[in-house]
file protein13.cif (mmCIF, C-alpha atoms and all ligand atoms)
data_query
#
loop_
_atom_site.label_atom_id
_atom_site.label_comp_id
_atom_site.auth_asym_id
_atom_site.auth_seq_id
_atom_site.Cartn_x
_atom_site.Cartn_y
_atom_site.Cartn_z
CA MET A 222 0.00 0.00 0.00
CA LEU A 223 2.78 2.36 0.92
CA ILE A 224 4.53 1.70 -2.39
CA HIS A 225 1.29 2.45 -4.20
CA LYS A 226 1.10 5.78 -2.40
CA TYR A 227 4.72 6.56 -3.32
CA ARG A 228 3.97 5.92 -6.99
CA THR A 229 1.44 8.70 -6.94
CA ILE A 230 4.08 11.26 -5.98
CA ARG A 231 5.21 13.15 -9.04
CA SER A 232 8.44 15.05 -9.34
CA LEU A 233 9.40 17.00 -6.26
CA LYS A 234 11.14 20.35 -6.47
CA ILE A 235 13.65 21.46 -3.85
CA CYS A 236 15.28 24.89 -3.93
CA TYR A 237 18.66 25.94 -2.52
CA TRP A 238 18.32 29.52 -1.26
CA GLY A 239 21.02 31.85 0.04
CA PRO A 240 23.09 34.94 -0.74
CA SER A 241 25.50 35.11 -3.65
CA MET A 242 28.80 33.31 -2.99
CA SER A 243 27.40 31.35 -0.03
CA GLY A 244 28.18 28.11 -1.90
CA LYS A 245 24.86 26.90 -3.36
CA THR A 246 26.29 25.86 -6.73
CA PHE A 247 29.38 24.40 -5.07
CA THR A 248 27.26 22.34 -2.66
CA VAL A 249 24.95 20.88 -5.30
CA THR A 250 27.94 20.18 -7.55
CA ALA A 251 29.74 18.35 -4.73
CA ILE A 252 26.64 16.24 -4.05
CA LYS A 253 26.35 15.45 -7.74
CA VAL A 254 30.00 14.38 -7.89
CA MET A 255 29.64 12.08 -4.87
CA LYS A 256 26.38 10.56 -6.12
CA SER A 257 27.97 9.99 -9.54
CA LEU A 258 30.90 8.20 -7.93
CA GLU A 259 28.75 6.06 -5.62
CA ASN A 260 25.94 5.34 -8.03
CA PRO A 261 25.98 7.07 -11.44
CA LYS A 262 22.40 5.95 -12.12
CA SER A 263 21.16 8.18 -9.30
CA VAL A 264 22.09 11.32 -11.27
CA PHE A 265 19.63 11.92 -14.10
CA ASP A 266 20.54 15.43 -15.06
CA PHE A 267 22.85 18.27 -14.11
CA VAL A 268 22.87 21.72 -15.66
CA THR A 269 24.64 24.78 -14.34
CA VAL A 270 24.57 28.17 -16.05
CA ALA A 271 27.19 30.56 -14.73
CA ASP A 272 28.74 33.81 -15.82
CA GLN A 273 32.02 32.79 -17.47
CA GLU A 274 34.10 35.48 -15.79
CA THR A 275 32.79 35.43 -12.22
CA GLY A 276 31.48 31.87 -11.97
CA ARG A 277 28.27 33.22 -10.42
CA THR A 278 24.97 31.66 -11.36
CA VAL A 279 23.01 33.79 -13.83
CA PHE A 280 19.68 31.95 -13.76
CA PHE A 281 19.75 28.70 -11.83
CA ASP A 282 21.45 25.32 -11.58
CA GLN A 283 19.38 22.21 -11.89
CA ALA A 284 20.15 18.66 -10.85
CA VAL A 285 17.80 15.68 -10.95
CA PHE A 286 18.64 12.95 -8.45
CA GLY A 287 17.12 9.54 -7.82
CA PHE A 288 16.22 8.76 -4.21
CA GLY A 289 14.91 5.63 -2.53
CA ASN A 290 16.21 2.54 -4.32
CA LYS A 291 13.48 0.09 -5.28
CA PRO A 292 14.63 -3.19 -3.75
CA GLU A 293 16.72 -5.34 -6.12
CA THR A 294 16.35 -3.00 -9.06
CA ASN A 295 18.26 -0.06 -10.45
CA GLU A 296 15.18 2.11 -10.24
CA PHE A 297 14.30 4.84 -7.81
CA LEU A 298 11.06 5.67 -6.06
CA PHE A 299 11.55 9.41 -6.36
CA LYS A 300 13.02 11.87 -8.80
CA ILE A 301 14.07 14.99 -6.97
CA HIS A 302 14.54 18.18 -8.96
CA VAL A 303 17.05 20.35 -7.19
CA PHE A 304 17.38 24.01 -8.15
CA THR A 305 19.74 26.68 -6.91
CA THR A 306 18.82 30.33 -7.17
CA ALA A 307 21.10 33.02 -8.56
CA GLY A 308 22.08 34.91 -5.41
CA GLN A 309 23.15 38.27 -6.83
CA LYS A 310 20.81 41.02 -5.69
CA ARG A 311 20.09 42.24 -9.23
CA LEU A 312 18.69 38.81 -10.23
CA LYS A 313 15.57 38.96 -8.07
CA GLU A 314 13.24 38.32 -11.03
CA THR A 315 14.96 34.99 -11.78
CA ARG A 316 14.63 33.96 -8.15
CA LYS A 317 10.89 34.56 -8.29
CA VAL A 318 10.65 32.12 -11.20
CA VAL A 319 12.77 29.46 -9.51
CA LEU A 320 10.65 29.62 -6.35
CA GLN A 321 7.52 28.57 -8.22
CA GLY A 322 6.21 25.17 -7.20
CA ILE A 323 8.85 24.35 -4.62
CA ARG A 324 8.07 21.71 -1.99
CA GLY A 325 11.11 22.24 0.22
CA LEU A 326 14.00 24.59 0.85
CA VAL A 327 17.65 24.16 1.72
CA LEU A 328 18.71 27.48 3.20
CA VAL A 329 22.42 27.95 2.61
CA VAL A 330 24.01 30.26 5.18
CA ASP A 331 27.38 31.87 4.51
CA ALA A 332 29.34 31.30 7.71
CA ASP A 333 31.73 34.16 6.99
CA LEU A 334 31.00 36.73 9.72
CA ASP A 335 31.57 39.50 7.19
CA ASN A 336 28.52 38.22 5.31
CA TRP A 337 26.08 38.24 8.25
CA GLU A 338 24.13 41.11 6.69
CA GLN A 339 24.01 39.34 3.32
CA ASN A 340 22.43 36.33 5.02
CA ILE A 341 19.83 38.57 6.65
CA TRP A 342 19.07 40.32 3.40
CA SER A 343 18.62 36.99 1.60
CA LEU A 344 16.29 35.56 4.26
CA ARG A 345 14.22 38.75 4.30
CA GLU A 346 13.80 38.58 0.55
CA LEU A 347 12.67 34.98 0.83
CA LYS A 348 10.03 36.13 3.32
CA GLU A 349 8.96 38.91 0.98
CA LEU A 350 8.68 36.65 -2.08
CA LYS A 351 7.47 33.40 -0.57
CA GLY A 352 6.63 34.06 3.08
CA ASN A 353 2.89 33.58 2.71
CA ASP A 354 3.23 30.29 0.82
CA ILE A 355 5.82 29.00 3.28
CA LYS A 356 3.45 29.73 6.15
CA GLU A 357 0.22 28.52 4.54
CA GLN A 358 1.66 25.40 2.93
CA LYS A 359 4.13 24.81 5.76
CA ILE A 360 6.97 24.41 3.27
CA PRO A 361 9.74 22.70 5.24
CA CYS A 362 13.43 23.57 5.25
CA THR A 363 16.85 22.40 6.25
CA VAL A 364 19.73 24.77 6.87
CA PHE A 365 23.26 24.22 5.61
CA VAL A 366 25.82 26.50 7.26
CA ASN A 367 28.64 26.38 4.75
CA LYS A 368 32.30 27.47 4.95
CA GLN A 369 33.04 25.82 8.29
CA ASP A 370 36.67 25.59 7.12
CA LEU A 371 37.04 29.29 8.01
CA PRO A 372 39.05 29.90 11.19
CA TRP A 373 37.43 30.42 14.59
CA GLY A 374 36.53 34.03 15.19
CA ARG A 375 35.76 34.63 11.53
CA LYS A 376 32.71 32.39 11.18
CA ILE A 377 29.31 31.57 12.59
CA SER A 378 28.34 28.00 13.36
CA HIS A 379 25.08 26.03 13.33
CA ARG A 380 24.48 27.32 16.89
CA HIS A 381 24.00 30.86 15.58
CA VAL A 382 21.24 30.01 13.12
CA GLU A 383 18.41 30.78 15.54
CA GLN A 384 19.96 34.19 16.23
CA LEU A 385 20.29 34.81 12.49
CA PHE A 386 16.67 33.85 11.85
CA LYS A 387 15.52 36.17 14.63
CA ALA A 388 17.56 39.05 13.22
CA ALA A 389 16.04 38.43 9.77
CA GLU A 390 12.56 38.08 11.32
CA VAL A 391 11.91 34.72 9.70
CA SER A 392 11.60 32.57 12.86
CA ASP A 393 7.82 32.47 12.34
CA LEU A 394 8.29 30.87 8.90
CA PHE A 395 10.48 28.06 10.18
CA PRO A 396 9.52 27.42 13.80
CA GLU A 397 10.91 23.87 13.97
CA LEU A 398 14.63 23.84 13.21
CA LYS A 399 15.67 21.08 15.61
CA GLY A 400 17.63 18.38 13.80
CA CYS A 401 17.48 20.31 10.52
CA VAL A 402 20.63 22.44 10.80
CA PHE A 403 23.89 21.12 9.37
CA GLY A 404 27.30 22.74 9.43
CA GLY A 405 29.95 21.84 6.89
CA SER A 406 32.25 22.99 4.14
CA CYS A 407 32.05 22.12 0.48
CA GLN A 408 35.60 23.30 0.03
CA GLN A 409 36.75 20.80 2.65
CA ALA A 410 34.65 18.08 1.00
CA ARG A 411 36.26 18.75 -2.37
CA ASP A 412 39.78 18.78 -0.88
CA ASP A 413 39.15 15.51 1.00
CA LEU A 414 37.85 13.80 -2.14
CA GLU A 415 40.81 14.99 -4.17
CA HIS A 416 43.15 13.69 -1.49
CA LEU A 417 41.38 10.31 -1.40
CA LEU A 418 41.52 9.88 -5.17
CA ARG A 419 45.16 10.94 -5.30
CA THR A 420 46.46 8.81 -2.44
CA THR A 421 44.40 5.60 -2.31
CA PRO A 422 44.62 2.79 -4.87
CA ARG A 423 41.52 2.59 -7.07
CA ASP A 424 41.04 -1.15 -6.58
CA LEU A 425 40.74 -0.54 -2.83
CA ILE A 426 38.13 2.22 -2.96
CA LEU A 427 36.02 0.98 -5.90
CA ASN A 428 33.74 -2.06 -5.94
CA SER A 429 33.47 -4.56 -8.80
CA LYS A 430 31.10 -2.19 -10.67
CA GLY A 431 33.65 0.63 -10.46
CA GLN A 432 31.60 2.55 -7.88
CA LEU A 433 33.07 4.26 -4.83
CA LYS A 434 32.49 2.11 -1.75
CA ARG A 435 30.31 3.90 0.78
CA GLU A 436 32.85 3.51 3.61
CA PHE A 437 35.34 5.61 1.64
CA ARG A 438 33.03 8.60 1.34
CA PRO A 439 34.91 11.43 3.12
CA LYS A 440 33.05 12.42 6.31
CA SER A 441 33.09 16.05 5.19
CA PHE A 442 30.45 15.15 2.56
CA ASN A 443 27.95 14.06 5.19
CA PRO A 444 26.52 17.46 6.18
CA LEU A 445 26.07 18.38 2.50
CA ILE A 446 24.30 15.16 1.66
CA LYS A 447 22.33 14.99 4.91
CA SER A 448 20.88 18.47 4.46
CA LEU A 449 19.45 17.28 1.13
CA GLU A 450 18.38 13.82 2.32
CA ASN A 451 16.69 15.33 5.35
CA ILE A 452 14.62 17.80 3.30
CA VAL A 453 13.69 15.05 0.83
CA LYS A 454 12.43 12.92 3.74
CA GLN A 455 10.47 15.84 5.23
CA VAL A 456 8.86 16.65 1.87
CA ILE A 457 7.89 13.06 1.10
CA LYS A 458 6.48 12.53 4.59
CA LYS A 459 4.42 15.70 4.27
CA GLN A 460 3.10 14.68 0.84
CA LEU A 461 2.10 11.25 2.12
CA LEU A 462 0.26 12.72 5.10
CA GLU A 463 -1.60 15.14 2.83
CA LYS A 464 -2.85 12.45 0.43
N1 LIG B 501 36.20 28.96 2.34
C1 LIG B 501 35.18 28.49 1.66
N2 LIG B 501 34.76 29.13 0.54
C2 LIG B 501 33.72 28.62 -0.12
C3 LIG B 501 33.03 27.45 0.30
N3 LIG B 501 32.02 27.22 -0.55
C4 LIG B 501 32.06 28.20 -1.47
N4 LIG B 501 33.09 29.04 -1.22
C5 LIG B 501 33.53 30.19 -2.02
O1 LIG B 501 32.40 30.84 -2.57
C6 LIG B 501 32.53 30.90 -3.98
C7 LIG B 501 31.18 30.88 -4.63
O2 LIG B 501 30.54 29.63 -4.48
P1 LIG B 501 29.24 29.31 -5.34
O3 LIG B 501 28.82 27.93 -5.02
O4 LIG B 501 29.48 29.65 -6.77
O5 LIG B 501 28.23 30.38 -4.70
P2 LIG B 501 26.69 30.56 -5.04
O6 LIG B 501 25.97 30.61 -3.73
O7 LIG B 501 26.22 29.56 -6.03
O8 LIG B 501 26.70 32.05 -5.67
P3 LIG B 501 25.61 32.65 -6.76
O9 LIG B 501 25.56 31.71 -7.90
O10 LIG B 501 26.15 34.01 -7.12
O11 LIG B 501 24.32 32.75 -6.02
C8 LIG B 501 33.42 29.71 -4.33
O12 LIG B 501 34.07 29.90 -5.55
C9 LIG B 501 34.38 29.71 -3.19
O13 LIG B 501 35.40 30.64 -3.41
C10 LIG B 501 33.50 26.78 1.47
O14 LIG B 501 33.00 25.74 1.93
N5 LIG B 501 34.56 27.35 2.10
MG MG B 502 25.42 29.67 -7.89
#

call {"tool": "encode", "arguments": {"input": "protein13.cif", "output": "structure tokens"}}
result
Amino acid sequence: MLIHKYRTIRSLKICYWGPSMSGKTFTVTAIKVMKSLENPKSVFDFVTVADQETGRTVFFDQAVFGFGNKPETNEFLFKIHVFTTAGQKRLKETRKVVLQGIRGLVLVVDADLDNWEQNIWSLRELKELKGNDIKEQKIPCTVFVNKQDLPWGRKISHRHVEQLFKAAEVSDLFPELKGCVFGGSCQQARDDLEHLLRTTPRDLILNSKGQLKREFRPKSFNPLIKSLENIVKQVIKKQLLEK
């Protein structure tokens, strides 16, 4: 019965939201790379459109990932469409478009203390553009506090998220943050993966199908992947309860 219910779920759209240069594109790219290494079939699509000079997103990035392996098949129960917004202030109109039809949000916080105000600005804009829908439809979120590789004294951690949400006056939109806040660094994740691939023999880290064995996934990838897996679980649970 449960499987039957799952089949009725169509594509689910998740949006990564946060200020420019907070690491949205980097995070989704890192997840795509790890999923491709562990199970290439779980990545259906990946498109990123960036300004050639600055590397900043000009419209959005899109990735389509498979989630929930059907037992003993190569198929997935869910196709998750992941979008990142273009964070630059001048691209507000594109963000409005990307927000349409979202079922869940990953709020990417820039841990650099110098960017505290940018985080506030970005959260306030989310409230302005989508606040009513988030409240009425109870759109869930996870929070990924990126750039934890920055030195102490220059960064905020996952413990400061409540304070940040209060300052941005968005606490009412996301009242239940417990267990949904993850701190990590996509730069660290990339460095750790590079180090693994450079220093460890392939036949040790790859299985007979040429896929990266799960136990070799660098730990630094976990907060990135968990913030997505957690929102996917929240969204699916919500959809099932609503049916
Ligand atoms: N130190 C550090 N820097 C990071 C990290 N993640 C991202 N950055 C820096 O931030 C830059 C921008 O990252 P992107 O992923 O392109 O940022 P974005 O949020 O997609 O930016 P927009 O597309 O403009 O919205 C990177 O090139 C890095 O220099 C991190 O974990 N640690
Ligand atoms: Mg981007």

call {"tool": "residues_around", "arguments": {"input": "protein13.cif", "residues": "Thr269 (chain A)", "least_positions_apart": "3", "cutoff": "12 Å", "atoms": "all atoms listed in the file", "output": "PyMOL selection string"}}
result
chain A and resi 245-247+249-250+253+266+272-273+276-285+303-307

call {"tool": "residues_near_point", "arguments": {"input": "protein13.cif", "point": "(19.2, 30.5, 4.0)", "cutoff": "10 Å", "atoms": "only C-alpha atoms", "output": "list in words"}}
result
Tyr237, Trp238, Gly239, Pro240, Ser243, Lys245, Leu326, Val327, Leu328, Val329, Val330, Asp331, Asn340, Ile341, Trp342, Ser343, Leu344, Arg345, Leu347, Cys362, Thr363, Val364, Phe365, Val366, Val382, Leu385 and Phe386 of chain A

call {"tool": "closest_residue", "arguments": {"input": "protein13.cif", "among": "A:Ser263, A:Gln384, A:Asn451, A:Thr275", "to": "ligand LIG 501 (chain B)", "atoms": "all atoms listed in the file"}}
result
A:Thr275

call {"tool": "closest_residue", "arguments": {"input": "protein13.cif", "among": "A:Gly404, A:Pro361, A:Gly244, A:Gly431", "to": "ligand MG 502 (chain B)", "atoms": "all atoms listed in the file"}}
result
A:Gly244

call {"tool": "axis_aligned_box", "arguments": {"input": "protein13.cif", "around": "region 445-458 of chain A", "padding_each_side": "4 Å", "output": "AutoDock Vina command-line options"}}
result
--center_x 16.3 --center_y 15.5 --center_z 3.1 --size_x 27.6 --size_y 13.9 --size_z 12.5

call {"tool": "atom_distance", "arguments": {"input": "protein13.cif", "atom1": "CA of Ala251 (chain A)", "atom2": "CA of Leu418 (chain A)"}}
result
14.5 Å

call {"tool": "atom_distance", "arguments": {"input": "protein13.cif", "atom1": "atom P1 of ligand LIG 501 (chain B)", "atom2": "CA of Gln339 (chain A)"}}
result
14.2 Å

call {"tool": "atom_distance", "arguments": {"input": "protein13.cif", "atom1": "atom O10 of ligand LIG 501 (chain B)", "atom2": "CA of Asp370 (chain A)"}}
result
19.6 Å

call {"tool": "residues_near_point", "arguments": {"input": "protein13.cif", "point": "(27.2, 5.8, -10.2)", "cutoff": "12 Å", "atoms": "only C-alpha atoms", "output": "PyMOL selection string"}}
result
chain A and resi 253-265+286-287+295+427-428+430-435

call {"tool": "closest_residue", "arguments": {"input": "protein13.cif", "among": "A:Ile457, A:Cys407, A:Val270, A:Ile235", "to": "ligand LIG 501 (chain B)", "atoms": "all atoms listed in the file"}}
result
A:Cys407

call {"tool": "closest_residue", "arguments": {"input": "protein13.cif", "among": "A:Lys348, A:Lys368, A:Lys317, A:Lys356", "to": "ligand LIG 501 (chain B)", "atoms": "all atoms listed in the file"}}
result
A:Lys368

call {"tool": "closest_residue", "arguments": {"input": "protein13.cif", "among": "A:Leu312, A:Leu462, A:Leu298, A:Leu320", "to": "ligand LIG 501 (chain B)", "atoms": "only C-alpha atoms and all ligand atoms"}}
result
A:Leu312

call {"tool": "closest_residue", "arguments": {"input": "protein13.cif", "among": "A:Ala388, A:Leu334, A:Ile360, A:Leu394", "to": "ligand LIG 501 (chain B)", "atoms": "all atoms listed in the file"}}
result
A:Leu334

call {"tool": "decode", "arguments": {"input": "protein13.cif", "residues": "region 448-463 of chain A", "atoms": "N, CA and C atoms", "output": "tab-separated table (two decimals), in the first residue's frame"}}
result
chain	number	residue	atom	x	y	z
A	448	SER	N	21.84	17.35	4.53
A	448	SER	CA	20.88	18.47	4.46
A	448	SER	C	19.92	18.28	3.28
A	449	LEU	N	20.37	17.58	2.24
A	449	LEU	CA	19.45	17.28	1.13
A	449	LEU	C	18.57	16.07	1.48
A	450	GLU	N	19.18	15.01	2.00
A	450	GLU	CA	18.38	13.82	2.32
A	450	GLU	C	17.29	14.14	3.35
A	451	ASN	N	17.65	14.98	4.31
A	451	ASN	CA	16.69	15.33	5.35
A	451	ASN	C	15.49	16.10	4.78
A	452	ILE	N	15.75	17.04	3.87
A	452	ILE	CA	14.62	17.80	3.30
A	452	ILE	C	13.78	16.89	2.40
A	453	VAL	N	14.44	15.98	1.68
A	453	VAL	CA	13.69	15.05	0.83
A	453	VAL	C	12.75	14.21	1.71
A	454	LYS	N	13.26	13.73	2.82
A	454	LYS	CA	12.43	12.92	3.74
A	454	LYS	C	11.26	13.74	4.27
A	455	GLN	N	11.54	14.99	4.69
A	455	GLN	CA	10.47	15.84	5.23
A	455	GLN	C	9.38	16.07	4.18
A	456	VAL	N	9.82	16.33	2.94
A	456	VAL	CA	8.86	16.65	1.87
A	456	VAL	C	8.00	15.43	1.55
A	457	ILE	N	8.64	14.28	1.44
A	457	ILE	CA	7.89	13.06	1.10
A	457	ILE	C	6.90	12.72	2.21
A	458	LYS	N	7.36	12.83	3.45
A	458	LYS	CA	6.48	12.53	4.59
A	458	LYS	C	5.25	13.45	4.57
A	459	LYS	N	5.50	14.71	4.31
A	459	LYS	CA	4.42	15.70	4.27
A	459	LYS	C	3.43	15.36	3.16
A	460	GLN	N	3.97	15.02	1.99
A	460	GLN	CA	3.10	14.68	0.84
A	460	GLN	C	2.23	13.46	1.16
A	461	LEU	N	2.85	12.47	1.81
A	461	LEU	CA	2.10	11.25	2.12
A	461	LEU	C	0.98	11.54	3.11
A	462	LEU	N	1.27	12.40	4.09
A	462	LEU	CA	0.26	12.72	5.10
A	462	LEU	C	-0.89	13.52	4.49
A	463	GLU	N	-0.58	14.29	3.44
A	463	GLU	CA	-1.60	15.14	2.83
A	463	GLU	C	-2.51	14.38	1.88
